[in-house]
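Participant: One file is attached below, protein06.csv, containing CSV, C-alpha atoms.
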```csv
chain,number,residue,atom,x,y,z
V,1,MET,CA,-51.2,-10.3,27.2
V,2,ALA,CA,-53.3,-7.9,25.2
V,3,THR,CA,-56.2,-7.8,27.6
V,4,PRO,CA,-55.9,-7.0,31.3
V,5,LEU,CA,-56.9,-10.0,33.5
V,6,GLN,CA,-58.6,-9.8,36.9
V,7,VAL,CA,-56.6,-11.8,39.4
V,8,TRP,CA,-57.4,-12.9,43.0
V,9,GLN,CA,-55.5,-13.6,46.1
V,10,VAL,CA,-56.4,-16.1,48.8
V,11,VAL,CA,-56.6,-14.3,52.1
V,12,ARG,CA,-58.0,-16.9,54.5
V,13,ALA,CA,-60.3,-19.9,54.8
V,14,THR,CA,-63.9,-19.0,54.7
V,15,ASP,CA,-66.2,-19.6,57.7
V,16,VAL,CA,-68.9,-21.1,55.5
V,17,GLN,CA,-69.2,-24.8,56.2
V,18,GLN,CA,-71.6,-26.0,53.5
V,19,ARG,CA,-73.0,-24.9,50.1
V,20,PHE,CA,-76.4,-24.0,51.4
V,21,GLU,CA,-74.9,-21.1,53.4
V,22,VAL,CA,-73.7,-19.7,50.1
V,23,ALA,CA,-76.8,-20.5,48.2
V,24,ALA,CA,-79.0,-18.8,50.9
V,25,THR,CA,-77.5,-15.5,50.0
V,26,LEU,CA,-78.7,-16.0,46.4
V,27,GLY,CA,-82.0,-17.5,47.3
V,28,LEU,CA,-82.7,-21.2,47.5
V,29,MET,CA,-85.3,-22.9,45.2
V,30,PRO,CA,-88.5,-23.7,47.1
V,31,LEU,CA,-88.6,-27.3,48.4
V,32,VAL,CA,-90.4,-29.7,46.1
V,33,GLY,CA,-92.1,-32.7,47.7
V,34,ARG,CA,-91.1,-33.9,51.2
V,35,GLU,CA,-94.3,-32.6,52.8
V,36,HIS,CA,-94.6,-35.8,54.9
V,37,GLU,CA,-91.0,-35.5,56.1
V,38,VAL,CA,-91.3,-31.8,56.9
V,39,GLY,CA,-94.5,-32.6,58.9
V,40,ILE,CA,-92.7,-35.2,61.0
V,41,LEU,CA,-89.9,-32.8,61.7
V,42,ARG,CA,-92.4,-30.1,62.8
V,43,GLU,CA,-94.0,-32.5,65.2
V,44,ARG,CA,-90.7,-33.5,66.7
V,45,TRP,CA,-89.7,-29.9,67.2
V,46,ALA,CA,-93.0,-29.2,68.9
V,47,GLN,CA,-92.2,-32.1,71.3
V,48,VAL,CA,-88.8,-30.6,72.0
V,49,GLN,CA,-90.3,-27.3,72.8
V,50,ALA,CA,-92.6,-29.0,75.3
V,51,GLY,CA,-89.6,-30.5,77.1
V,52,ARG,CA,-89.3,-33.9,75.4
V,53,GLY,CA,-86.0,-34.4,73.6
V,54,HIS,CA,-85.9,-36.3,70.3
V,55,ILE,CA,-83.5,-37.7,67.8
V,56,VAL,CA,-84.2,-37.9,64.1
V,57,VAL,CA,-82.0,-40.0,61.9
V,58,LEU,CA,-82.3,-38.7,58.3
V,59,SER,CA,-80.9,-41.3,55.8
V,60,GLY,CA,-80.7,-41.4,52.0
V,61,GLU,CA,-78.3,-41.8,49.2
V,62,ALA,CA,-75.9,-39.1,48.1
V,63,GLY,CA,-77.6,-36.1,46.5
V,64,ILE,CA,-81.1,-37.1,47.5
V,65,GLY,CA,-81.8,-34.0,49.5
V,66,LYS,CA,-80.8,-34.6,53.1
V,67,SER,CA,-78.9,-31.3,53.5
V,68,ARG,CA,-81.7,-29.4,51.8
V,69,LEU,CA,-84.2,-30.9,54.4
V,70,VAL,CA,-81.9,-29.9,57.2
V,71,GLN,CA,-81.8,-26.4,55.8
V,72,VAL,CA,-85.6,-26.3,55.9
V,73,VAL,CA,-85.5,-27.2,59.6
V,74,LYS,CA,-83.1,-24.4,60.2
V,75,ASP,CA,-84.9,-21.8,58.1
V,76,GLU,CA,-88.6,-22.6,58.4
V,77,ILE,CA,-89.2,-24.8,61.4
V,78,ILE,CA,-87.0,-23.7,64.3
V,79,GLY,CA,-86.6,-20.0,63.4
V,80,ALA,CA,-83.5,-17.8,63.4
V,81,ALA,CA,-83.5,-17.1,67.1
V,82,THR,CA,-83.1,-20.8,68.1
V,83,LEU,CA,-79.6,-21.9,69.2
V,84,ARG,CA,-78.0,-24.2,66.6
V,85,ILE,CA,-75.0,-26.5,67.1
V,86,GLU,CA,-73.7,-28.0,63.9
V,87,TYR,CA,-71.1,-30.7,63.4
V,88,ARG,CA,-70.0,-31.8,60.0
V,89,CYS,CA,-68.1,-35.1,59.5
V,90,SER,CA,-65.4,-35.4,56.8
V,91,PRO,CA,-64.1,-38.3,54.7
V,92,TYR,CA,-60.6,-37.0,55.3
V,93,HIS,CA,-60.8,-37.0,59.1
V,94,GLN,CA,-62.4,-40.3,59.9
V,95,ASN,CA,-59.4,-41.2,62.1
V,96,SER,CA,-59.0,-37.7,63.6
V,97,ALA,CA,-60.5,-37.9,67.2
V,98,LEU,CA,-63.4,-35.5,67.7
V,99,TYR,CA,-62.7,-33.6,64.5
V,100,PRO,CA,-66.3,-32.3,64.1
V,101,VAL,CA,-66.3,-31.2,67.7
V,102,ILE,CA,-63.0,-29.3,67.4
V,103,THR,CA,-64.0,-27.5,64.2
V,104,HIS,CA,-67.3,-26.5,65.7
V,105,LEU,CA,-65.5,-25.1,68.8
V,106,GLU,CA,-63.0,-23.2,66.7
V,107,ARG,CA,-65.8,-21.6,64.8
V,108,VAL,CA,-68.0,-20.8,67.8
V,109,LEU,CA,-65.0,-19.3,69.7
V,110,ALA,CA,-64.0,-17.4,66.5
V,111,LEU,CA,-60.4,-18.7,66.8
V,112,ARG,CA,-58.1,-17.2,64.2
V,113,GLN,CA,-54.7,-18.4,62.9
V,114,ASP,CA,-53.1,-15.2,64.1
V,115,ASP,CA,-54.5,-15.5,67.6
V,116,THR,CA,-51.9,-15.8,70.3
V,117,GLN,CA,-52.2,-18.7,72.8
V,118,GLU,CA,-53.3,-16.2,75.4
V,119,ASP,CA,-56.1,-15.0,73.0
V,120,ARG,CA,-57.3,-18.5,72.4
V,121,LEU,CA,-57.4,-19.3,76.1
V,122,ARG,CA,-59.2,-16.0,76.8
V,123,LYS,CA,-61.9,-16.8,74.2
V,124,LEU,CA,-62.4,-20.2,75.7
V,125,GLU,CA,-62.8,-18.9,79.2
V,126,GLU,CA,-65.2,-16.1,78.1
V,127,ALA,CA,-67.4,-18.6,76.3
V,128,LEU,CA,-67.6,-20.9,79.3
V,129,ARG,CA,-67.9,-18.3,82.1
V,130,PRO,CA,-71.7,-17.5,81.7
V,131,TYR,CA,-72.6,-21.1,82.5
V,132,THR,CA,-72.7,-23.1,85.7
V,133,LEU,CA,-69.6,-25.1,84.9
V,134,PRO,CA,-66.6,-25.9,87.0
V,135,LEU,CA,-64.0,-23.9,85.0
V,136,THR,CA,-61.0,-25.3,86.8
V,137,GLU,CA,-62.1,-28.7,85.5
V,138,VAL,CA,-63.6,-27.9,82.1
V,139,VAL,CA,-61.1,-25.4,80.8
V,140,PRO,CA,-58.1,-27.7,81.0
V,141,LEU,CA,-60.0,-30.5,79.2
V,142,LEU,CA,-61.2,-28.3,76.4
V,143,ALA,CA,-57.9,-26.4,76.1
V,144,ALA,CA,-56.1,-29.7,75.6
V,145,LEU,CA,-58.7,-30.6,72.9
V,146,LEU,CA,-57.9,-27.3,71.1
V,147,ALA,CA,-54.1,-27.6,71.7
V,148,VAL,CA,-54.1,-24.5,73.9
V,149,PRO,CA,-51.3,-24.5,76.5
V,150,LEU,CA,-52.4,-23.6,80.1
V,151,PRO,CA,-50.8,-21.2,82.4
V,152,ALA,CA,-49.6,-22.3,85.9
V,153,SER,CA,-52.9,-21.0,87.4
V,154,TYR,CA,-54.6,-24.1,86.2
V,155,PRO,CA,-53.9,-27.5,87.7
V,156,PRO,CA,-52.1,-29.8,85.2
V,157,LEU,CA,-54.1,-32.8,83.8
V,158,THR,CA,-52.8,-36.0,85.3
V,159,LEU,CA,-55.3,-38.4,83.7
V,160,SER,CA,-54.7,-41.4,81.6
V,161,PRO,CA,-55.5,-40.8,77.9
V,162,GLN,CA,-58.6,-42.9,78.1
V,163,ARG,CA,-59.8,-41.2,81.3
V,164,GLN,CA,-59.0,-37.8,79.8
V,165,LYS,CA,-61.1,-38.6,76.7
V,166,GLN,CA,-64.0,-39.8,78.9
V,167,LYS,CA,-63.9,-36.6,81.0
V,168,THR,CA,-63.7,-34.5,77.9
V,169,LEU,CA,-66.8,-36.1,76.4
V,170,GLU,CA,-68.7,-35.7,79.7
V,171,ALA,CA,-67.7,-32.0,79.8
V,172,LEU,CA,-68.9,-31.5,76.3
V,173,LEU,CA,-72.2,-33.2,77.1
V,174,THR,CA,-72.6,-31.2,80.3
V,175,TRP,CA,-72.1,-27.9,78.4
V,176,LEU,CA,-74.7,-29.0,75.8
V,177,LEU,CA,-77.3,-29.9,78.4
V,178,VAL,CA,-76.7,-26.6,80.3
V,179,LEU,CA,-77.6,-24.8,77.0
V,180,THR,CA,-80.9,-26.7,76.8
V,181,GLU,CA,-81.9,-25.5,80.2
V,182,GLN,CA,-82.0,-21.9,78.8
V,183,GLN,CA,-83.9,-22.6,75.5
V,184,PRO,CA,-84.6,-25.4,73.1
V,185,VAL,CA,-81.6,-26.3,71.0
V,186,LEU,CA,-81.1,-27.8,67.5
V,187,PHE,CA,-78.1,-30.1,67.3
V,188,VAL,CA,-77.2,-31.2,63.7
V,189,VAL,CA,-74.6,-33.8,62.7
V,190,GLU,CA,-74.2,-34.1,58.9
V,191,ASP,CA,-72.4,-36.9,57.0
V,192,LEU,CA,-72.6,-39.2,59.9
V,193,HIS,CA,-71.3,-42.1,57.8
V,194,TRP,CA,-67.9,-40.4,58.0
V,195,ILE,CA,-67.9,-39.9,61.8
V,196,ASP,CA,-64.8,-40.7,63.8
V,197,PRO,CA,-65.0,-43.3,66.7
V,198,SER,CA,-64.6,-40.7,69.5
V,199,THR,CA,-67.3,-38.4,68.2
V,200,LEU,CA,-69.6,-41.4,67.9
V,201,GLU,CA,-68.9,-42.2,71.6
V,202,PHE,CA,-70.0,-38.6,72.3
V,203,LEU,CA,-73.2,-39.1,70.4
V,204,THR,CA,-73.8,-42.4,72.3
V,205,LEU,CA,-73.7,-40.5,75.6
V,206,LEU,CA,-76.0,-37.9,74.1
V,207,VAL,CA,-78.5,-40.5,72.9
V,208,ASP,CA,-78.8,-41.8,76.5
V,209,GLN,CA,-79.6,-38.3,77.7
V,210,GLY,CA,-81.9,-37.4,74.8
V,211,PRO,CA,-85.3,-37.6,76.4
V,212,THR,CA,-84.3,-35.4,79.4
V,213,ALA,CA,-83.3,-32.3,77.5
V,214,ARG,CA,-85.0,-29.7,75.2
V,215,LEU,CA,-82.9,-30.9,72.3
V,216,LEU,CA,-83.7,-31.9,68.8
V,217,THR,CA,-80.8,-34.0,67.5
V,218,LEU,CA,-80.9,-34.2,63.7
V,219,LEU,CA,-78.5,-36.8,62.2
V,220,ALA,CA,-78.0,-37.0,58.4
V,221,CYS,CA,-76.3,-40.0,56.9
V,222,ARG,CA,-76.1,-42.4,53.9
V,223,PRO,CA,-77.9,-45.7,54.1
V,224,GLU,CA,-74.7,-47.7,54.8
V,225,PHE,CA,-74.4,-46.1,58.2
V,226,GLN,CA,-76.3,-48.2,60.8
V,227,PRO,CA,-76.9,-46.4,64.1
V,228,PRO,CA,-75.4,-48.5,67.0
V,229,TRP,CA,-78.1,-47.4,69.5
V,230,GLY,CA,-80.9,-49.8,68.6
V,231,LEU,CA,-84.6,-48.9,68.8
V,232,ARG,CA,-85.4,-46.0,71.2
V,233,THR,CA,-88.8,-44.4,71.8
V,234,HIS,CA,-87.2,-41.0,71.4
V,235,ARG,CA,-85.6,-41.8,68.0
V,236,THR,CA,-87.4,-41.4,64.7
V,237,PRO,CA,-85.8,-42.8,61.5
V,238,ILE,CA,-86.6,-41.0,58.2
V,239,ALA,CA,-85.5,-42.7,55.0
V,240,LEU,CA,-85.6,-40.4,52.0
V,241,GLN,CA,-86.8,-42.0,48.8
V,242,ARG,CA,-86.4,-40.6,45.3
V,243,LEU,CA,-89.0,-38.1,44.1
V,244,PRO,CA,-91.6,-39.2,41.6
V,245,GLN,CA,-91.1,-38.0,38.1
V,246,SER,CA,-93.9,-35.4,38.3
V,247,GLN,CA,-92.1,-33.7,41.2
V,248,VAL,CA,-88.8,-33.9,39.3
V,249,GLU,CA,-90.5,-32.1,36.4
V,250,ALA,CA,-91.9,-29.5,38.7
V,251,MET,CA,-88.4,-28.9,40.1
V,252,ILE,CA,-86.9,-28.6,36.6
V,253,ALA,CA,-89.6,-26.1,35.6
V,254,ARG,CA,-88.8,-23.9,38.6
V,255,VAL,CA,-85.1,-24.0,37.7
V,256,THR,CA,-85.7,-23.1,34.1
V,257,GLY,CA,-88.2,-20.5,34.8
V,258,GLY,CA,-91.0,-22.3,33.0
V,259,LYS,CA,-89.0,-22.9,29.7
V,260,THR,CA,-89.9,-26.1,28.0
V,261,CYS,CA,-87.3,-28.9,28.1
V,262,PRO,CA,-87.0,-31.8,25.7
V,263,ARG,CA,-88.9,-34.8,26.9
V,264,THR,CA,-86.6,-37.4,28.4
V,265,SER,CA,-86.2,-39.6,31.4
V,266,TYR,CA,-85.2,-37.6,34.4
V,267,SER,CA,-83.1,-38.8,37.3
V,268,THR,CA,-85.4,-38.8,40.4
V,269,SER,CA,-82.8,-37.9,43.0
```
When written as structure tokens, how does the structure in this file appear?
Facilitator:
Amino acid sequence: MATPLQVWQVVRATDVQQRFEVAATLGLMPLVGREHEVGILRERWAQVQAGRGHIVVLSGEAGIGKSRLVQVVKDEIIGAATLRIEYRCSPYHQNSALYPVITHLERVLALRQDDTQEDRLRKLEEALRPYTLPLTEVVPLLAALLAVPLPASYPPLTLSPQRQKQKTLEALLTWLLVLTEQQPVLFVVEDLHWIDPSTLEFLTLLVDQGPTARLLTLLACRPEFQPPWGLRTHRTPIALQRLPQSQVEAMIARVTGGKTCPRTSYSTS
């Protein structure tokens, strides 16, 4: 090779979960349109701050701007100081029980591949200790979820698989509700159309508790997903429609810095 080449080595998996976390470091393009939807989300967040929990189901076809609107909620509506809990479903893990929950816990606990089992257990205990939770009951359940072996100081789990799953879901819900007692919380689940059945069970438990907690639950999905919870007074559906051509042209003008583009028919997604 006559010219030196720059090479790269993969060191570890990144902590970034979605493209907007990367784009935010470069500067996101201002949101075009969606004023009505943003207004609804502001109203729902105000309700949550006043003590009335709410669930918003944000639906729309792929690429229409669901994740961009979620980012607006995080950046412009709730503020950086608000506690955020984010699950992201995956098309490759639709049959992996509680996959979004596990990946969220691993991120929150800062678990690393080179952690010893003692390190992983210590991080779990330290994360739970500040809250009014029965550690002798909750730690074994969440340790099992994270595949962390327990020392002899903890009582062994002697539950049936179904009962252990139910107790785990209840422990996760209790932890979430305890967090809302300290401050309003934003809970986001993206790509709900790829959710696994066990995580959907957890959301069903959460929906029943929704009005009693200072919690804004924001669920983003494609139109083919039909929420199994029926109509609830504390649930707001928002179906995103394609932008009109005038707004698409405004978006293109911002991307191109005002340069003139050939006249053509633009996609309105």
Participant: Please determine the residues with any atom at most 12 Å from (-67.7, -22.1, 63.8) (coordinates as given in the file, with only C-alpha atoms counting) and report them as a VMD selection string.
Facilitator: chain V and resid 13 to 18 84 to 88 100 to 112
Participant: For V:Arg214, which residue out of V:Thr82, V:Thr180, V:Ser90, V:Gln47 is the nearest one, using all atoms listed in the file?
Facilitator: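 With all atoms listed in the file as the atom set, the closest residue is V:Thr180.
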Participant: Work out how far apart atom CA of V:Val56 and atom CA of V:Leu218 are and give it in Å to one decimal.
Facilitator: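 Calculated distance between atom CA of V:Val56 and atom CA of V:Leu218 is 5.0 Å.
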Participant: In Å, how far is it from atom CA of V:Asp119 to atom CA of V:Val139?
Facilitator: 13.9 Å
Participant: Name the residues in contact with V:Gly210 at a cut-off of 12 Å, using all atoms listed in the file, excluding same-chain residues fewer than 5 positions from it; report them as a PDB file with C-alpha atoms, in the frame of the given file.
Facilitator:
```pdb
ATOM      1  CA  VAL V  48     -88.800 -30.600  72.000  1.00  0.00           C
ATOM      2  CA  GLY V  51     -89.600 -30.500  77.100  1.00  0.00           C
ATOM      3  CA  ARG V  52     -89.300 -33.900  75.400  1.00  0.00           C
ATOM      4  CA  GLY V  53     -86.000 -34.400  73.600  1.00  0.00           C
ATOM      5  CA  HIS V  54     -85.900 -36.300  70.300  1.00  0.00           C
ATOM      6  CA  ILE V  55     -83.500 -37.700  67.800  1.00  0.00           C
ATOM      7  CA  VAL V  56     -84.200 -37.900  64.100  1.00  0.00           C
ATOM      8  CA  LEU V 173     -72.200 -33.200  77.100  1.00  0.00           C
ATOM      9  CA  LEU V 176     -74.700 -29.000  75.800  1.00  0.00           C
ATOM     10  CA  LEU V 177     -77.300 -29.900  78.400  1.00  0.00           C
ATOM     11  CA  THR V 180     -80.900 -26.700  76.800  1.00  0.00           C
ATOM     12  CA  VAL V 185     -81.600 -26.300  71.000  1.00  0.00           C
ATOM     13  CA  PHE V 187     -78.100 -30.100  67.300  1.00  0.00           C
ATOM     14  CA  LEU V 203     -73.200 -39.100  70.400  1.00  0.00           C
ATOM     15  CA  THR V 204     -73.800 -42.400  72.300  1.00  0.00           C
ATOM     16  CA  LEU V 205     -73.700 -40.500  75.600  1.00  0.00           C
ATOM     17  CA  LEU V 215     -82.900 -30.900  72.300  1.00  0.00           C
ATOM     18  CA  LEU V 216     -83.700 -31.900  68.800  1.00  0.00           C
ATOM     19  CA  THR V 217     -80.800 -34.000  67.500  1.00  0.00           C
ATOM     20  CA  LEU V 218     -80.900 -34.200  63.700  1.00  0.00           C
ATOM     21  CA  TRP V 229     -78.100 -47.400  69.500  1.00  0.00           C
ATOM     22  CA  ARG V 232     -85.400 -46.000  71.200  1.00  0.00           C
ATOM     23  CA  THR V 233     -88.800 -44.400  71.800  1.00  0.00           C
ATOM     24  CA  HIS V 234     -87.200 -41.000  71.400  1.00  0.00           C
ATOM     25  CA  ARG V 235     -85.600 -41.800  68.000  1.00  0.00           C
TER      26      ARG V 235
END
```
Participant: Rank V:Ser67, V:Pro211, V:Tyr92, V:Leu219 by their smallest atom-to-atom distance to V:Val189, using only C-alpha atoms, and report the top residue only.
Facilitator: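 Closest residue, counting only C-alpha atoms: V:Leu219.
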Participant: Figure out the distance between atom CA of V:Pro223 and atom CA of V:Gln166, please, to one decimal in Å.
Facilitator: 29.0 Å
